[in-house]
Amino acid sequence: MSNHERLFAMNAVIYYSNTLESYKIANYISQKTNYSLIDFHKLNNYSFDNIFIVFPVHYQNIPQSIKPIIKRIHASKAVIIATYGKMSFGNVLSETQKLLDTMIVGGGYIPTKHPYVENDKSFDNYKVINQLIDKINSPNEIVFPKERKNVFANFFPLTRHRIGVRIKVNNKCTKCGVCNTYCQFIDNGVINNKKCIRCLKCVNNCPQHALEYKLSRPMRHYLRKPRCSDIKLF
């Protein structure tokens with residue numbers, strides 16, 4: 001059984017990723033530490049010695065689908081990494097720490113490619129990640145500082161996103177079903193708009209290029225704001 005298939009390992013890198021940005025960081029850590037690499041939604045075991053948790057910031061929040069999973073995880077030591085699309089990361093690390101039943105020994109906000117910004121650059125400064133890997137080996141408990149979070153961040157984020165980003169199917173669709181394998185909220189190009197989080201995994205993986213997305217004017221204006229590429233480590 002491979003390192004990536006052992007779901008009952010005592011040490012693990014647990015990740016959630018729709019655009020592969022968080023996955024690439026998690027995979028790097030797994031390769032360096034030989035810890036098992038486990039998708040959040042494939043967790044069968046929730047008790048560990050040492051863990052790294054890697055996930056993207058959604059609307060300045062923890063992704064809704066992994067919140068209840070985080071609450072179930074128990075570990076001796078943990079490092080938490082939140083990736084963000086160079087806009088705002090909110091107060092995610094502090095909020096995650098409150099959910100986890102573990103001693104936090106490190107963490108960071110890592111800027112990655114934004115899914116709605118064309119020609120945006122992916123994260124490639126993996127030497128920085130080595131600093132966080134070292135934290136698990138020389139542990140000192142930390143408390144993440146409270147960061148600034150927009151007062152409207154929790155105000156119907158999915159509704160705001162549905163208005164800001166629209167995904168539609170064009171006449172190239174052959175009903176091949178490939179998009180179904182990448183997302184549970186789409187069926188041959190028909191999107192469940194109430195649950196879709198606009199991660200664009202379906203758009204990026206359609207072999208026929210039959211899915212397109214369009215940004216609203218407010219969203220385009222928002223993305224023109226000065227962007228931040230700061231790496232914050234703790």
# chains A, B, ... in the order shown; residues from 1 in each chain; ligands from 1

$ select_by_dssp --residues "segment 130-217 of chain A" --states "strand (DSSP E or B)" --output "PyMOL selection string"
chain A and resi 165-169+186-187+190-191+211-215

$ residues_around --residues "segment 200-216 of chain A" --least-positions-apart "2" --cutoff "8 Å" --atoms "only C-alpha atoms" --output "list in words"
Asn18, Thr19, Pro115, Ile163, Gly164, Val165, Arg166, Ile167, Lys168, Val169, Asn170, Asn171, Lys172, Cys173, Thr174, Val178, Cys179, Tyr182, Cys183, Gly189, Arg198, Pro218, Met219 and Arg220 of chain A

$ atom_distance --atom1 "atom CA of Asp230 of chain A" --atom2 "atom CA of Ile14 of chain A"
23.4 Å

$ residues_around --residues "segment 64-81 of chain A" --least-positions-apart "3" --cutoff "6 Å" --atoms "only C-alpha atoms" --output "PyMOL selection string"
chain A and resi 46-54+99-108

$ residues_around --residues "Tyr23 of chain A" --least-positions-apart "3" --cutoff "12 Å" --atoms "only C-alpha atoms" --output "list in words"
Val13, Ile14, Tyr15, Tyr16, Ser17, Asn18, Thr19, Leu20, Ala26, Asn27, Tyr28, Ile29, Ser30, Leu37, Ile38, Asp39, Phe40, Ile53, Val54, Phe55, Pro56, Ile81, Ala82, Thr83, Thr112, Ser122 and Phe123 of chain A

$ write_last_selection --atoms "N, CA, C and O atoms" --output "CSV table (one decimal), in the first residue's frame"
chain,number,residue,atom,x,y,z
A,13,VAL,N,-0.7,14.6,6.3
A,13,VAL,CA,-0.9,15.9,5.7
A,13,VAL,C,-2.3,15.9,5.2
A,13,VAL,O,-2.6,15.1,4.2
A,14,ILE,N,-3.2,16.6,5.8
A,14,ILE,CA,-4.6,16.6,5.4
A,14,ILE,C,-4.9,17.8,4.6
A,14,ILE,O,-4.7,19.0,5.1
A,15,TYR,N,-5.5,17.7,3.4
A,15,TYR,CA,-5.7,18.8,2.6
A,15,TYR,C,-7.1,18.9,1.9
A,15,TYR,O,-7.8,17.9,1.8
A,16,TYR,N,-7.4,20.1,1.6
A,16,TYR,CA,-8.6,20.3,0.8
A,16,TYR,C,-8.2,21.3,-0.4
A,16,TYR,O,-7.6,22.3,-0.1
A,17,SER,N,-8.5,20.9,-1.6
A,17,SER,CA,-8.1,21.7,-2.7
A,17,SER,C,-9.0,21.5,-4.0
A,17,SER,O,-9.2,20.3,-4.3
A,18,ASN,N,-9.4,22.6,-4.6
A,18,ASN,CA,-10.2,22.5,-5.8
A,18,ASN,C,-9.4,22.9,-7.0
A,18,ASN,O,-9.7,22.4,-8.1
A,19,THR,N,-8.4,23.7,-6.8
A,19,THR,CA,-7.7,24.3,-8.0
A,19,THR,C,-6.3,23.7,-8.0
A,19,THR,O,-5.5,24.1,-8.9
A,20,LEU,N,-5.9,22.8,-7.1
A,20,LEU,CA,-4.6,22.1,-7.0
A,20,LEU,C,-3.6,23.0,-6.3
A,20,LEU,O,-2.5,22.5,-6.0
A,26,ALA,N,0.5,20.8,-0.1
A,26,ALA,CA,0.3,19.6,0.8
A,26,ALA,C,1.2,18.4,0.3
A,26,ALA,O,1.8,17.7,1.1
A,27,ASN,N,1.2,18.2,-1.0
A,27,ASN,CA,2.0,17.1,-1.6
A,27,ASN,C,3.5,17.4,-1.3
A,27,ASN,O,4.3,16.4,-1.0
A,28,TYR,N,4.0,18.6,-1.4
A,28,TYR,CA,5.4,18.9,-1.1
A,28,TYR,C,5.7,18.5,0.3
A,28,TYR,O,6.7,17.9,0.6
A,29,ILE,N,4.8,18.9,1.3
A,29,ILE,CA,5.1,18.5,2.7
A,29,ILE,C,5.1,17.0,2.9
A,29,ILE,O,5.9,16.5,3.6
A,30,SER,N,4.2,16.3,2.2
A,30,SER,CA,4.1,14.9,2.3
A,30,SER,C,5.4,14.2,1.8
A,30,SER,O,5.9,13.3,2.4
A,37,LEU,N,-0.6,11.5,2.7
A,37,LEU,CA,-1.3,12.6,2.1
A,37,LEU,C,-2.8,12.2,2.0
A,37,LEU,O,-3.1,11.3,1.3
A,38,ILE,N,-3.7,12.9,2.7
A,38,ILE,CA,-5.1,12.5,2.8
A,38,ILE,C,-6.0,13.7,2.4
A,38,ILE,O,-5.9,14.8,3.0
A,39,ASP,N,-6.9,13.5,1.5
A,39,ASP,CA,-8.0,14.4,1.2
A,39,ASP,C,-8.9,14.5,2.4
A,39,ASP,O,-9.3,13.5,3.0
A,40,PHE,N,-9.3,15.7,2.8
A,40,PHE,CA,-10.2,15.9,3.9
A,40,PHE,C,-11.5,15.0,3.8
A,40,PHE,O,-11.9,14.5,4.8
A,53,ILE,N,-2.3,20.6,8.2
A,53,ILE,CA,-3.6,20.9,7.6
A,53,ILE,C,-3.5,22.0,6.6
A,53,ILE,O,-3.0,23.1,6.9
A,54,VAL,N,-3.9,21.7,5.3
A,54,VAL,CA,-3.7,22.7,4.2
A,54,VAL,C,-5.0,22.9,3.5
A,54,VAL,O,-5.6,21.9,3.1
A,55,PHE,N,-5.5,24.1,3.4
A,55,PHE,CA,-6.7,24.4,2.7
A,55,PHE,C,-6.8,25.8,2.2
A,55,PHE,O,-6.1,26.7,2.7
A,56,PRO,N,-7.7,26.2,1.3
A,56,PRO,CA,-7.8,27.5,0.8
A,56,PRO,C,-8.8,28.3,1.6
A,56,PRO,O,-9.7,27.8,2.2
A,81,ILE,N,-1.9,25.5,7.5
A,81,ILE,CA,-1.6,26.4,6.4
A,81,ILE,C,-2.8,26.8,5.6
A,81,ILE,O,-3.6,25.9,5.1
A,82,ALA,N,-3.1,28.1,5.5
A,82,ALA,CA,-4.2,28.6,4.7
A,82,ALA,C,-3.7,29.3,3.5
A,82,ALA,O,-2.9,30.2,3.6
A,83,THR,N,-4.1,28.8,2.3
A,83,THR,CA,-3.7,29.5,1.1
A,83,THR,C,-4.8,30.5,0.7
A,83,THR,O,-5.9,30.3,1.0
A,112,THR,N,-1.4,32.2,-3.3
A,112,THR,CA,-1.4,31.3,-4.4
A,112,THR,C,-2.2,32.0,-5.6
A,112,THR,O,-2.8,33.0,-5.4
A,122,SER,N,1.3,31.0,-9.8
A,122,SER,CA,1.1,30.0,-8.7
A,122,SER,C,2.3,30.2,-7.7
A,122,SER,O,3.3,30.7,-8.0
A,123,PHE,N,2.1,29.6,-6.5
A,123,PHE,CA,3.1,29.7,-5.5
A,123,PHE,C,4.2,28.7,-5.8
A,123,PHE,O,4.0,27.6,-6.3
